[in-house]
Amino acid sequence: MSAEPEVSTGALNLAVLAGLRELESACGVDIVTSIAAMFCQDSRTSLTAVRAAVETQQTGDLLQALHKMRGAAANIGASQVAAVCLQFETSVERGQGPSYVQLLDRLADELGRAERALAVVLAVD
Amino acid sequence: MLTTSSGHVAVVADDDGATRRILTVLLERHLYVVWLAVDGRAAIDLIADKQPDVVFLDAQMPGADGYEVCRTIRAESPGRQPWVFMITAAGQDADRQLALEVGVDQFLTKPFSPSQLSEQLKQLSRLPEHTGQGQIGQQE
């Protein structure tokens with residue numbers, strides 16, 4: 001099953017948010033705000049787990065944390081976070097250890113961008 | 001249990017809270033009674049107990065992954081079988097092939113489209129009872 005088409009080159013895939021908004025309107029319940037809150041909280045936990053796994057060189061834990069973070073990011077349309085997670089997972093699978101610290105920094109940066117973008121989107125709503 | 005009933009039952013098994021939330025809202029809109037599990041072992045027990053019409057499985061979750069859960073469902077449920085949707089952040093050909101082999105009917109890659117999934121749920125209500133043979137498909 002394919003992913004939603006990208007309509008934003010920024011931190012968020014606005015088509016994903018639009019799809020969630022549509023469901024929200026149809027059902028009359030909050031979805032976006034609650035999922036955004038889950039994403040921000042869970043991703044910070046996952047980022048901590050990624051950092052710990054890099055430091056301890058626990059490859060299995062690292063892949064698990066990255067995969068979890070990628071899924072959460074995809075759900076809310078944080079496409080750049082998901083993309084960095086995928087790149088990071090690929091590097092881990094290939095054993096490209098020297099790139100991990102740089103990818104960790106990029107992941108933290110993209111997570112921050114996504115959180116700020118979500119805050120703007122939710123404030124506008 | 002989270003909704004009023006139309007006679008249809010769904011089980012959602014995913015360790016990601018956001019996915020559980022999205023699917024619950026969507027399924028309740030289609031008047032499914034929704035039961036939730038956060039790991040594979042709980043999912044197997046829940047499916048055996050509730051005999052759902054539809055099951056949503058996270059490919060990678062604690063306890064038993066979605067592939068193992070689906071394999072168990074197909075092996076242990078005599079007669080009536082649920083429709084099985086597998087949800088994953090990955091979407092490689094090998095994942096789809098394995099899903100097909102264990103009897104998954106639909107393969108969802110995050111982010112999935114609620115509107116397209118809604119259409120698929122409508123289609124399910126018009127299909128005959130599941131035969132137990134995997135009928136893999138994907139949103140396009």
# chains A, B, ... in the order shown; residues from 1 in each chain; ligands from 1
>>> residues_around(residues="A:Glu24", least_positions_apart="3", cutoff="12 Å", atoms="only C-alpha atoms", output="number ranges by chain")
A: 17-21, 27-35; B: 21-26, 29, 114-115
>>> write_last_selection(atoms="C-alpha atoms", output="PDB file, in the first residue's frame")
ATOM      1  CA  LEU A  17      -2.724  15.939   8.074  1.00  0.00           C
ATOM      2  CA  ALA A  18      -5.552  16.696   5.650  1.00  0.00           C
ATOM      3  CA  GLY A  19      -6.542  13.038   5.642  1.00  0.00           C
ATOM      4  CA  LEU A  20      -6.635  12.976   9.419  1.00  0.00           C
ATOM      5  CA  ARG A  21      -8.603  16.241   9.479  1.00  0.00           C
ATOM      6  CA  CYS A  27     -16.411  11.524  13.129  1.00  0.00           C
ATOM      7  CA  GLY A  28     -16.624  14.642  15.278  1.00  0.00           C
ATOM      8  CA  VAL A  29     -13.751  13.609  17.532  1.00  0.00           C
ATOM      9  CA  ASP A  30     -10.265  14.946  18.083  1.00  0.00           C
ATOM     10  CA  ILE A  31      -7.550  13.082  16.242  1.00  0.00           C
ATOM     11  CA  VAL A  32      -4.851  15.459  15.071  1.00  0.00           C
ATOM     12  CA  THR A  33      -4.191  17.187  18.370  1.00  0.00           C
ATOM     13  CA  SER A  34      -4.046  13.957  20.325  1.00  0.00           C
ATOM     14  CA  ILE A  35      -1.835  12.230  17.770  1.00  0.00           C
TER      15      ILE A  35
ATOM     16  CA  ARG B  21      -6.327   5.867  17.864  1.00  0.00           C
ATOM     17  CA  ILE B  22      -6.701   6.445  14.111  1.00  0.00           C
ATOM     18  CA  LEU B  23      -7.963   2.937  13.433  1.00  0.00           C
ATOM     19  CA  THR B  24     -10.346   2.983  16.377  1.00  0.00           C
ATOM     20  CA  VAL B  25     -11.985   6.204  15.204  1.00  0.00           C
ATOM     21  CA  LEU B  26     -12.205   4.907  11.654  1.00  0.00           C
ATOM     22  CA  ARG B  29     -17.318   5.238  12.183  1.00  0.00           C
ATOM     23  CA  PRO B 114      -8.134   6.989   6.157  1.00  0.00           C
ATOM     24  CA  SER B 115     -10.475   7.683   3.253  1.00  0.00           C
TER      25      SER B 115
END
>>> residues_around(residues="stretch 51-63 of chain B", least_positions_apart="6", cutoff="8 Å", atoms="only C-alpha atoms", output="PyMOL selection string")
chain B and resi 8-15+38-41+69-70+81-88
>>> write_last_selection(atoms="C-alpha atoms", output="short mmCIF file (atom, residue, chain, number, x, y, z; two decimals), in the first residue's frame")
data_model
loop_
_atom_site.label_atom_id
_atom_site.label_comp_id
_atom_site.auth_asym_id
_atom_site.auth_seq_id
_atom_site.Cartn_x
_atom_site.Cartn_y
_atom_site.Cartn_z
CA HIS B 8 -19.15 -6.36 13.29
CA VAL B 9 -16.11 -6.86 15.49
CA ALA B 10 -12.55 -5.67 14.92
CA VAL B 11 -9.28 -6.26 16.75
CA VAL B 12 -6.49 -3.70 16.44
CA ALA B 13 -3.06 -4.85 17.60
CA ASP B 14 -0.32 -2.22 17.56
CA ASP B 15 2.13 -0.93 20.14
CA VAL B 38 -0.63 -3.62 22.40
CA ASP B 39 1.40 -6.76 21.76
CA GLY B 40 1.23 -9.90 19.67
CA ARG B 41 0.51 -12.39 22.45
CA VAL B 69 0.06 -13.56 14.82
CA CYS B 70 -1.41 -13.95 11.34
CA GLN B 81 -11.59 -16.51 9.33
CA PRO B 82 -11.12 -12.77 9.84
CA TRP B 83 -9.91 -10.36 7.16
CA VAL B 84 -6.37 -9.41 8.12
CA PHE B 85 -4.78 -6.02 7.46
CA MET B 86 -1.07 -5.65 8.20
CA ILE B 87 0.32 -2.23 9.09
CA THR B 88 3.97 -1.35 8.76
#
>>> select_by_dssp(residues="chain B", states="strand (DSSP E or B)", output="mmCIF file with C-alpha atoms, in the first residue's frame")
data_model
loop_
_atom_site.group_PDB
_atom_site.id
_atom_site.type_symbol
_atom_site.label_atom_id
_atom_site.label_comp_id
_atom_site.auth_asym_id
_atom_site.auth_seq_id
_atom_site.Cartn_x
_atom_site.Cartn_y
_atom_site.Cartn_z
ATOM 1 C CA HIS B 8 -19.147 -6.360 13.291
ATOM 2 C CA VAL B 9 -16.111 -6.860 15.493
ATOM 3 C CA ALA B 10 -12.546 -5.670 14.921
ATOM 4 C CA VAL B 11 -9.284 -6.259 16.745
ATOM 5 C CA VAL B 12 -6.494 -3.696 16.438
ATOM 6 C CA ALA B 13 -3.062 -4.845 17.600
ATOM 7 C CA TYR B 32 -17.419 -1.889 14.462
ATOM 8 C CA VAL B 33 -16.975 -2.961 18.050
ATOM 9 C CA VAL B 34 -13.240 -2.393 18.526
ATOM 10 C CA TRP B 35 -10.934 -4.348 20.808
ATOM 11 C CA LEU B 36 -7.344 -3.268 21.329
ATOM 12 C CA ALA B 37 -4.100 -5.110 21.979
ATOM 13 C CA VAL B 54 -11.450 -7.811 10.776
ATOM 14 C CA VAL B 55 -7.997 -7.741 12.343
ATOM 15 C CA PHE B 56 -5.354 -5.022 12.056
ATOM 16 C CA LEU B 57 -1.830 -6.169 12.932
ATOM 17 C CA ASP B 58 1.332 -4.149 13.359
ATOM 18 C CA GLN B 81 -11.588 -16.508 9.333
ATOM 19 C CA TRP B 83 -9.907 -10.355 7.159
ATOM 20 C CA VAL B 84 -6.369 -9.414 8.122
ATOM 21 C CA PHE B 85 -4.777 -6.018 7.464
ATOM 22 C CA MET B 86 -1.070 -5.647 8.197
ATOM 23 C CA ILE B 87 0.318 -2.233 9.091
ATOM 24 C CA THR B 88 3.967 -1.346 8.757
ATOM 25 C CA GLN B 106 -4.214 -6.162 2.849
ATOM 26 C CA PHE B 107 -0.833 -4.548 3.420
ATOM 27 C CA LEU B 108 -0.858 -0.958 4.729
ATOM 28 C CA THR B 109 2.219 1.240 4.683
ATOM 29 C CA HIS B 130 -13.352 -15.165 4.290
ATOM 30 C CA GLN B 138 -2.443 -2.484 -1.256
#
>>> interface_residues(of="chain A", to="chain B", cutoff="9 Å", atoms="only C-alpha atoms", output="PDB file with N, CA, C and O atoms, in the first residue's frame")
ATOM      1  N   MET A   1       0.844  -1.171   0.000  1.00  0.00           N
ATOM      2  CA  MET A   1       0.000   0.000   0.000  1.00  0.00           C
ATOM      3  C   MET A   1       0.884   1.227   0.000  1.00  0.00           C
ATOM      4  O   MET A   1       1.843   1.326   0.739  1.00  0.00           O
ATOM      5  N   SER A   2       0.609   2.174  -0.862  1.00  0.00           N
ATOM      6  CA  SER A   2       1.503   3.305  -1.020  1.00  0.00           C
ATOM      7  C   SER A   2       1.251   4.366   0.031  1.00  0.00           C
ATOM      8  O   SER A   2       0.192   4.455   0.630  1.00  0.00           O
ATOM      9  N   ALA A   3       2.261   5.221   0.235  1.00  0.00           N
ATOM     10  CA  ALA A   3       2.132   6.330   1.151  1.00  0.00           C
ATOM     11  C   ALA A   3       1.337   7.445   0.486  1.00  0.00           C
ATOM     12  O   ALA A   3       1.153   7.468  -0.724  1.00  0.00           O
ATOM     13  N   GLU A   4       0.841   8.359   1.313  1.00  0.00           N
ATOM     14  CA  GLU A   4       0.166   9.531   0.795  1.00  0.00           C
ATOM     15  C   GLU A   4       1.132  10.348  -0.062  1.00  0.00           C
ATOM     16  O   GLU A   4       2.318  10.426   0.232  1.00  0.00           O
ATOM     17  N   VAL A  16      -1.121  14.191   4.630  1.00  0.00           N
ATOM     18  CA  VAL A  16      -1.414  13.272   5.733  1.00  0.00           C
ATOM     19  C   VAL A  16      -2.290  13.971   6.769  1.00  0.00           C
ATOM     20  O   VAL A  16      -3.292  13.417   7.246  1.00  0.00           O
ATOM     21  N   GLY A  19      -5.799  14.290   5.533  1.00  0.00           N
ATOM     22  CA  GLY A  19      -6.542  13.038   5.642  1.00  0.00           C
ATOM     23  C   GLY A  19      -7.050  12.805   7.055  1.00  0.00           C
ATOM     24  O   GLY A  19      -8.186  12.345   7.256  1.00  0.00           O
ATOM     25  N   LEU A  20      -6.222  13.127   8.023  1.00  0.00           N
ATOM     26  CA  LEU A  20      -6.635  12.976   9.419  1.00  0.00           C
ATOM     27  C   LEU A  20      -7.722  13.992   9.771  1.00  0.00           C
ATOM     28  O   LEU A  20      -8.662  13.681  10.508  1.00  0.00           O
ATOM     29  N   GLU A  22      -9.905  15.184   7.754  1.00  0.00           N
ATOM     30  CA  GLU A  22     -11.134  14.726   7.105  1.00  0.00           C
ATOM     31  C   GLU A  22     -11.829  13.685   7.980  1.00  0.00           C
ATOM     32  O   GLU A  22     -13.046  13.732   8.190  1.00  0.00           O
ATOM     33  N   LEU A  23     -11.047  12.763   8.486  1.00  0.00           N
ATOM     34  CA  LEU A  23     -11.607  11.732   9.372  1.00  0.00           C
ATOM     35  C   LEU A  23     -12.147  12.376  10.650  1.00  0.00           C
ATOM     36  O   LEU A  23     -13.229  12.016  11.143  1.00  0.00           O
ATOM     37  N   GLU A  24     -11.403  13.333  11.159  1.00  0.00           N
ATOM     38  CA  GLU A  24     -11.797  14.048  12.374  1.00  0.00           C
ATOM     39  C   GLU A  24     -13.148  14.740  12.187  1.00  0.00           C
ATOM     40  O   GLU A  24     -14.037  14.654  13.032  1.00  0.00           O
ATOM     41  N   ALA A  26     -15.434  14.047   9.925  1.00  0.00           N
ATOM     42  CA  ALA A  26     -16.489  13.070   9.673  1.00  0.00           C
ATOM     43  C   ALA A  26     -16.976  12.424  10.963  1.00  0.00           C
ATOM     44  O   ALA A  26     -18.152  12.073  11.088  1.00  0.00           O
ATOM     45  N   CYS A  27     -16.071  12.261  11.908  1.00  0.00           N
ATOM     46  CA  CYS A  27     -16.411  11.524  13.129  1.00  0.00           C
ATOM     47  C   CYS A  27     -16.718  12.440  14.312  1.00  0.00           C
ATOM     48  O   CYS A  27     -17.252  11.980  15.331  1.00  0.00           O
ATOM     49  N   VAL A  29     -14.626  13.837  16.380  1.00  0.00           N
ATOM     50  CA  VAL A  29     -13.751  13.609  17.532  1.00  0.00           C
ATOM     51  C   VAL A  29     -12.360  14.149  17.226  1.00  0.00           C
ATOM     52  O   VAL A  29     -11.982  14.276  16.058  1.00  0.00           O
ATOM     53  N   ILE A  31      -8.573  14.046  16.649  1.00  0.00           N
ATOM     54  CA  ILE A  31      -7.550  13.082  16.242  1.00  0.00           C
ATOM     55  C   ILE A  31      -6.187  13.761  16.148  1.00  0.00           C
ATOM     56  O   ILE A  31      -5.219  13.325  16.764  1.00  0.00           O
ATOM     57  N   SER A  34      -4.475  15.041  19.439  1.00  0.00           N
ATOM     58  CA  SER A  34      -4.046  13.957  20.325  1.00  0.00           C
ATOM     59  C   SER A  34      -2.880  13.179  19.726  1.00  0.00           C
ATOM     60  O   SER A  34      -1.940  12.792  20.422  1.00  0.00           O
ATOM     61  N   ILE A  35      -2.917  12.976  18.410  1.00  0.00           N
ATOM     62  CA  ILE A  35      -1.835  12.230  17.770  1.00  0.00           C
ATOM     63  C   ILE A  35      -0.557  13.053  17.734  1.00  0.00           C
ATOM     64  O   ILE A  35       0.547  12.518  17.906  1.00  0.00           O
ATOM     65  N   ALA A  36      -0.711  14.365  17.531  1.00  0.00           N
ATOM     66  CA  ALA A  36       0.472  15.231  17.558  1.00  0.00           C
ATOM     67  C   ALA A  36       1.125  15.187  18.939  1.00  0.00           C
ATOM     68  O   ALA A  36       2.354  15.138  19.051  1.00  0.00           O
ATOM     69  N   MET A  38       0.941  12.728  21.083  1.00  0.00           N
ATOM     70  CA  MET A  38       1.582  11.407  21.218  1.00  0.00           C
ATOM     71  C   MET A  38       2.917  11.383  20.486  1.00  0.00           C
ATOM     72  O   MET A  38       3.907  10.857  20.996  1.00  0.00           O
ATOM     73  N   PHE A  39       2.920  11.947  19.278  1.00  0.00           N
ATOM     74  CA  PHE A  39       4.145  11.950  18.478  1.00  0.00           C
ATOM     75  C   PHE A  39       5.266  12.699  19.209  1.00  0.00           C
ATOM     76  O   PHE A  39       6.394  12.206  19.301  1.00  0.00           O
ATOM     77  N   GLN A  64      15.221  -0.971  16.490  1.00  0.00           N
ATOM     78  CA  GLN A  64      13.859  -0.980  17.050  1.00  0.00           C
ATOM     79  C   GLN A  64      13.377   0.441  17.336  1.00  0.00           C
ATOM     80  O   GLN A  64      12.242   0.804  17.002  1.00  0.00           O
ATOM     81  N   HIS A  67      12.771   2.308  14.021  1.00  0.00           N
ATOM     82  CA  HIS A  67      11.561   1.835  13.337  1.00  0.00           C
ATOM     83  C   HIS A  67      10.307   2.395  14.018  1.00  0.00           C
ATOM     84  O   HIS A  67       9.372   2.843  13.346  1.00  0.00           O
ATOM     85  N   LYS A  68      10.310   2.385  15.316  1.00  0.00           N
ATOM     86  CA  LYS A  68       9.168   2.911  16.071  1.00  0.00           C
ATOM     87  C   LYS A  68       8.985   4.409  15.789  1.00  0.00           C
ATOM     88  O   LYS A  68       7.881   4.885  15.565  1.00  0.00           O
ATOM     89  N   ARG A  70       9.984   6.017  13.157  1.00  0.00           N
ATOM     90  CA  ARG A  70       9.580   6.210  11.753  1.00  0.00           C
ATOM     91  C   ARG A  70       8.076   6.025  11.591  1.00  0.00           C
ATOM     92  O   ARG A  70       7.411   6.787  10.894  1.00  0.00           O
ATOM     93  N   GLY A  71       7.540   5.008  12.236  1.00  0.00           N
ATOM     94  CA  GLY A  71       6.103   4.782  12.141  1.00  0.00           C
ATOM     95  C   GLY A  71       5.303   5.925  12.746  1.00  0.00           C
ATOM     96  O   GLY A  71       4.312   6.383  12.164  1.00  0.00           O
ATOM     97  N   ALA A  72       5.743   6.388  13.896  1.00  0.00           N
ATOM     98  CA  ALA A  72       5.042   7.495  14.559  1.00  0.00           C
ATOM     99  C   ALA A  72       5.119   8.752  13.710  1.00  0.00           C
ATOM    100  O   ALA A  72       4.129   9.493  13.578  1.00  0.00           O
ATOM    101  N   ALA A  73       6.280   9.000  13.118  1.00  0.00           N
ATOM    102  CA  ALA A  73       6.450  10.187  12.270  1.00  0.00           C
ATOM    103  C   ALA A  73       5.570  10.099  11.031  1.00  0.00           C
ATOM    104  O   ALA A  73       4.941  11.082  10.631  1.00  0.00           O
ATOM    105  N   ALA A  74       5.512   8.925  10.427  1.00  0.00           N
ATOM    106  CA  ALA A  74       4.693   8.762   9.222  1.00  0.00           C
ATOM    107  C   ALA A  74       3.222   9.010   9.523  1.00  0.00           C
ATOM    108  O   ALA A  74       2.512   9.637   8.738  1.00  0.00           O
ATOM    109  N   ASN A  75       2.760   8.546  10.668  1.00  0.00           N
ATOM    110  CA  ASN A  75       1.353   8.719  11.033  1.00  0.00           C
ATOM    111  C   ASN A  75       0.920  10.176  11.058  1.00  0.00           C
ATOM    112  O   ASN A  75      -0.196  10.505  10.679  1.00  0.00           O
ATOM    113  N   ILE A  76       1.798  11.050  11.533  1.00  0.00           N
ATOM    114  CA  ILE A  76       1.423  12.463  11.683  1.00  0.00           C
ATOM    115  C   ILE A  76       1.902  13.291  10.500  1.00  0.00           C
ATOM    116  O   ILE A  76       1.644  14.481  10.419  1.00  0.00           O
ATOM    117  N   GLY A  77       2.584  12.664   9.552  1.00  0.00           N
ATOM    118  CA  GLY A  77       3.048  13.388   8.375  1.00  0.00           C
ATOM    119  C   GLY A  77       4.390  14.071   8.552  1.00  0.00           C
ATOM    120  O   GLY A  77       4.749  14.949   7.755  1.00  0.00           O
ATOM    121  N   ALA A  82      10.736  10.816   9.292  1.00  0.00           N
ATOM    122  CA  ALA A  82      10.632   9.431   8.815  1.00  0.00           C
ATOM    123  C   ALA A  82      11.751   9.115   7.826  1.00  0.00           C
ATOM    124  O   ALA A  82      12.328   8.017   7.855  1.00  0.00           O
ATOM    125  N   LEU A  86      14.665   6.262   8.206  1.00  0.00           N
ATOM    126  CA  LEU A  86      14.913   5.215   7.210  1.00  0.00           C
ATOM    127  C   LEU A  86      16.381   5.192   6.790  1.00  0.00           C
ATOM    128  O   LEU A  86      16.995   4.113   6.691  1.00  0.00           O
TER     129      LEU A  86
END
>>> select_by_dssp(residues="chain A", states="helix (DSSP H, G or I)", output="ChimeraX atom specification")
/A:14-27,32-56,59-76,79-93,97-124
>>> residues_around(residues="A:Ala65", least_positions_apart="6", cutoff="12 Å", atoms="only C-alpha atoms", output="list of chain:residue names")
A:Asp42, A:Ser43, A:Arg44, A:Thr45, A:Ser46, A:Leu47, A:Thr48, A:Ala49, A:Val50, A:Arg51, A:Ala52, A:Ala53, A:Val54, A:Gln58, A:Thr59, A:Gly71, A:Ala72, A:Cys85, A:Leu86, A:Phe88, A:Glu89, A:Val92, B:Gln60, B:Met61
>>> atom_distance(atom1="atom CA of B:Val104", atom2="atom CA of A:Leu66")
24.7 Å
>>> residues_around(residues="A:Ala117", least_positions_apart="3", cutoff="9 Å", atoms="only C-alpha atoms", output="list in words")
Gly10, Ala11, Leu12, Gly112, Arg113, Ala114, Val120, Val121 and Leu122 of chain A
>>> atom_distance(atom1="atom CA of B:Asp45", atom2="atom CA of B:Gln120")
25.8 Å
>>> closest_residue(among="A:Ala78, A:Leu104, A:Leu14, A:Leu63", to="A:Arg116", atoms="only C-alpha atoms")
A:Ala78
>>> atom_distance(atom1="atom CA of B:Asp105", atom2="atom CA of B:Ile44")
17.2 Å
>>> residues_around(residues="B:Thr72", least_positions_apart="6", cutoff="10 Å", atoms="only C-alpha atoms", output="VMD selection string")
chain B and resid 44 66 102 to 103
>>> write_last_selection(atoms="all heavy atoms", output="PDB file, in the first residue's frame")
ATOM      1  N   ILE B  44      -3.275 -12.472  19.943  1.00  0.00           N
ATOM      2  CA  ILE B  44      -3.677 -13.859  19.672  1.00  0.00           C
ATOM      3  C   ILE B  44      -4.814 -14.279  20.611  1.00  0.00           C
ATOM      4  O   ILE B  44      -5.819 -14.867  20.184  1.00  0.00           O
ATOM      5  CB  ILE B  44      -2.462 -14.798  19.816  1.00  0.00           C
ATOM      6  CG1 ILE B  44      -1.484 -14.564  18.657  1.00  0.00           C
ATOM      7  CG2 ILE B  44      -2.906 -16.266  19.841  1.00  0.00           C
ATOM      8  CD1 ILE B  44      -0.142 -15.255  18.815  1.00  0.00           C
ATOM      9  N   GLY B  66       3.478  -9.234  13.777  1.00  0.00           N
ATOM     10  CA  GLY B  66       2.234  -9.401  13.043  1.00  0.00           C
ATOM     11  C   GLY B  66       2.207 -10.639  12.165  1.00  0.00           C
ATOM     12  O   GLY B  66       1.158 -11.257  11.968  1.00  0.00           O
ATOM     13  N   VAL B 102       1.887 -15.640   4.917  1.00  0.00           N
ATOM     14  CA  VAL B 102       1.245 -15.980   6.195  1.00  0.00           C
ATOM     15  C   VAL B 102      -0.262 -15.736   6.161  1.00  0.00           C
ATOM     16  O   VAL B 102      -0.950 -16.016   7.147  1.00  0.00           O
ATOM     17  CB  VAL B 102       1.884 -15.214   7.379  1.00  0.00           C
ATOM     18  CG1 VAL B 102       3.349 -15.567   7.502  1.00  0.00           C
ATOM     19  CG2 VAL B 102       1.668 -13.712   7.263  1.00  0.00           C
ATOM     20  N   GLY B 103      -0.783 -15.215   5.035  1.00  0.00           N
ATOM     21  CA  GLY B 103      -2.230 -15.095   4.906  1.00  0.00           C
ATOM     22  C   GLY B 103      -2.810 -13.721   5.141  1.00  0.00           C
ATOM     23  O   GLY B 103      -4.009 -13.580   5.402  1.00  0.00           O
TER      24      GLY B 103
END
>>> decode(residues="stretch 110-118 of chain B", atoms="all heavy atoms", output="PDB file, in the first residue's frame")
ATOM      1  N   LYS B 110       2.464   2.913   6.408  1.00  0.00           N
ATOM      2  CA  LYS B 110       2.234   4.226   7.010  1.00  0.00           C
ATOM      3  C   LYS B 110       2.918   5.300   6.172  1.00  0.00           C
ATOM      4  O   LYS B 110       4.041   5.079   5.709  1.00  0.00           O
ATOM      5  CB  LYS B 110       2.802   4.256   8.431  1.00  0.00           C
ATOM      6  CG  LYS B 110       2.115   3.331   9.398  1.00  0.00           C
ATOM      7  CD  LYS B 110       2.802   3.392  10.749  1.00  0.00           C
ATOM      8  CE  LYS B 110       2.189   2.401  11.721  1.00  0.00           C
ATOM      9  NZ  LYS B 110       2.893   2.374  13.024  1.00  0.00           N
ATOM     10  N   PRO B 111       2.293   6.464   5.971  1.00  0.00           N
ATOM     11  CA  PRO B 111       0.964   6.821   6.455  1.00  0.00           C
ATOM     12  C   PRO B 111      -0.111   6.303   5.511  1.00  0.00           C
ATOM     13  O   PRO B 111      -0.061   6.550   4.321  1.00  0.00           O
ATOM     14  CB  PRO B 111       1.001   8.353   6.430  1.00  0.00           C
ATOM     15  CG  PRO B 111       1.927   8.681   5.294  1.00  0.00           C
ATOM     16  CD  PRO B 111       2.940   7.581   5.262  1.00  0.00           C
ATOM     17  N   PHE B 112      -1.079   5.592   6.043  1.00  0.00           N
ATOM     18  CA  PHE B 112      -2.150   5.100   5.193  1.00  0.00           C
ATOM     19  C   PHE B 112      -3.255   6.150   5.107  1.00  0.00           C
ATOM     20  O   PHE B 112      -3.381   7.012   5.963  1.00  0.00           O
ATOM     21  CB  PHE B 112      -2.695   3.769   5.694  1.00  0.00           C
ATOM     22  CG  PHE B 112      -3.071   3.757   7.143  1.00  0.00           C
ATOM     23  CD1 PHE B 112      -4.309   4.204   7.559  1.00  0.00           C
ATOM     24  CD2 PHE B 112      -2.179   3.306   8.100  1.00  0.00           C
ATOM     25  CE1 PHE B 112      -4.667   4.192   8.887  1.00  0.00           C
ATOM     26  CE2 PHE B 112      -2.516   3.293   9.444  1.00  0.00           C
ATOM     27  CZ  PHE B 112      -3.762   3.741   9.835  1.00  0.00           C
ATOM     28  N   SER B 113      -4.039   6.059   4.057  1.00  0.00           N
ATOM     29  CA  SER B 113      -5.097   7.037   3.828  1.00  0.00           C
ATOM     30  C   SER B 113      -6.373   6.593   4.528  1.00  0.00           C
ATOM     31  O   SER B 113      -6.932   5.551   4.189  1.00  0.00           O
ATOM     32  CB  SER B 113      -5.356   7.168   2.324  1.00  0.00           C
ATOM     33  OG  SER B 113      -6.604   7.788   2.102  1.00  0.00           O
ATOM     34  N   PRO B 114      -6.881   7.373   5.500  1.00  0.00           N
ATOM     35  CA  PRO B 114      -8.134   6.989   6.157  1.00  0.00           C
ATOM     36  C   PRO B 114      -9.295   6.850   5.177  1.00  0.00           C
ATOM     37  O   PRO B 114     -10.122   5.946   5.319  1.00  0.00           O
ATOM     38  CB  PRO B 114      -8.375   8.127   7.147  1.00  0.00           C
ATOM     39  CG  PRO B 114      -7.025   8.680   7.449  1.00  0.00           C
ATOM     40  CD  PRO B 114      -6.280   8.567   6.137  1.00  0.00           C
ATOM     41  N   SER B 115      -9.337   7.735   4.182  1.00  0.00           N
ATOM     42  CA  SER B 115     -10.475   7.683   3.253  1.00  0.00           C
ATOM     43  C   SER B 115     -10.417   6.416   2.391  1.00  0.00           C
ATOM     44  O   SER B 115     -11.452   5.783   2.137  1.00  0.00           O
ATOM     45  CB  SER B 115     -10.502   8.933   2.372  1.00  0.00           C
ATOM     46  OG  SER B 115      -9.325   9.038   1.614  1.00  0.00           O
ATOM     47  N   GLN B 116      -9.212   6.041   1.963  1.00  0.00           N
ATOM     48  CA  GLN B 116      -9.108   4.815   1.166  1.00  0.00           C
ATOM     49  C   GLN B 116      -9.381   3.576   2.010  1.00  0.00           C
ATOM     50  O   GLN B 116     -10.020   2.622   1.549  1.00  0.00           O
ATOM     51  CB  GLN B 116      -7.722   4.720   0.530  1.00  0.00           C
ATOM     52  CG  GLN B 116      -7.523   5.734  -0.581  1.00  0.00           C
ATOM     53  CD  GLN B 116      -6.183   5.592  -1.275  1.00  0.00           C
ATOM     54  OE1 GLN B 116      -5.637   4.499  -1.388  1.00  0.00           O
ATOM     55  NE2 GLN B 116      -5.637   6.697  -1.740  1.00  0.00           N
ATOM     56  N   LEU B 117      -8.919   3.616   3.245  1.00  0.00           N
ATOM     57  CA  LEU B 117      -9.186   2.480   4.129  1.00  0.00           C
ATOM     58  C   LEU B 117     -10.687   2.384   4.429  1.00  0.00           C
ATOM     59  O   LEU B 117     -11.240   1.286   4.525  1.00  0.00           O
ATOM     60  CB  LEU B 117      -8.381   2.626   5.419  1.00  0.00           C
ATOM     61  CG  LEU B 117      -8.457   1.469   6.398  1.00  0.00           C
ATOM     62  CD1 LEU B 117      -8.140   0.139   5.738  1.00  0.00           C
ATOM     63  CD2 LEU B 117      -7.505   1.709   7.572  1.00  0.00           C
ATOM     64  N   SER B 118     -11.315   3.524   4.538  1.00  0.00           N
ATOM     65  CA  SER B 118     -12.759   3.548   4.759  1.00  0.00           C
ATOM     66  C   SER B 118     -13.483   2.865   3.597  1.00  0.00           C
ATOM     67  O   SER B 118     -14.434   2.091   3.807  1.00  0.00           O
ATOM     68  CB  SER B 118     -13.213   5.008   4.906  1.00  0.00           C
ATOM     69  OG  SER B 118     -14.565   5.070   5.235  1.00  0.00           O
TER      70      SER B 118
END
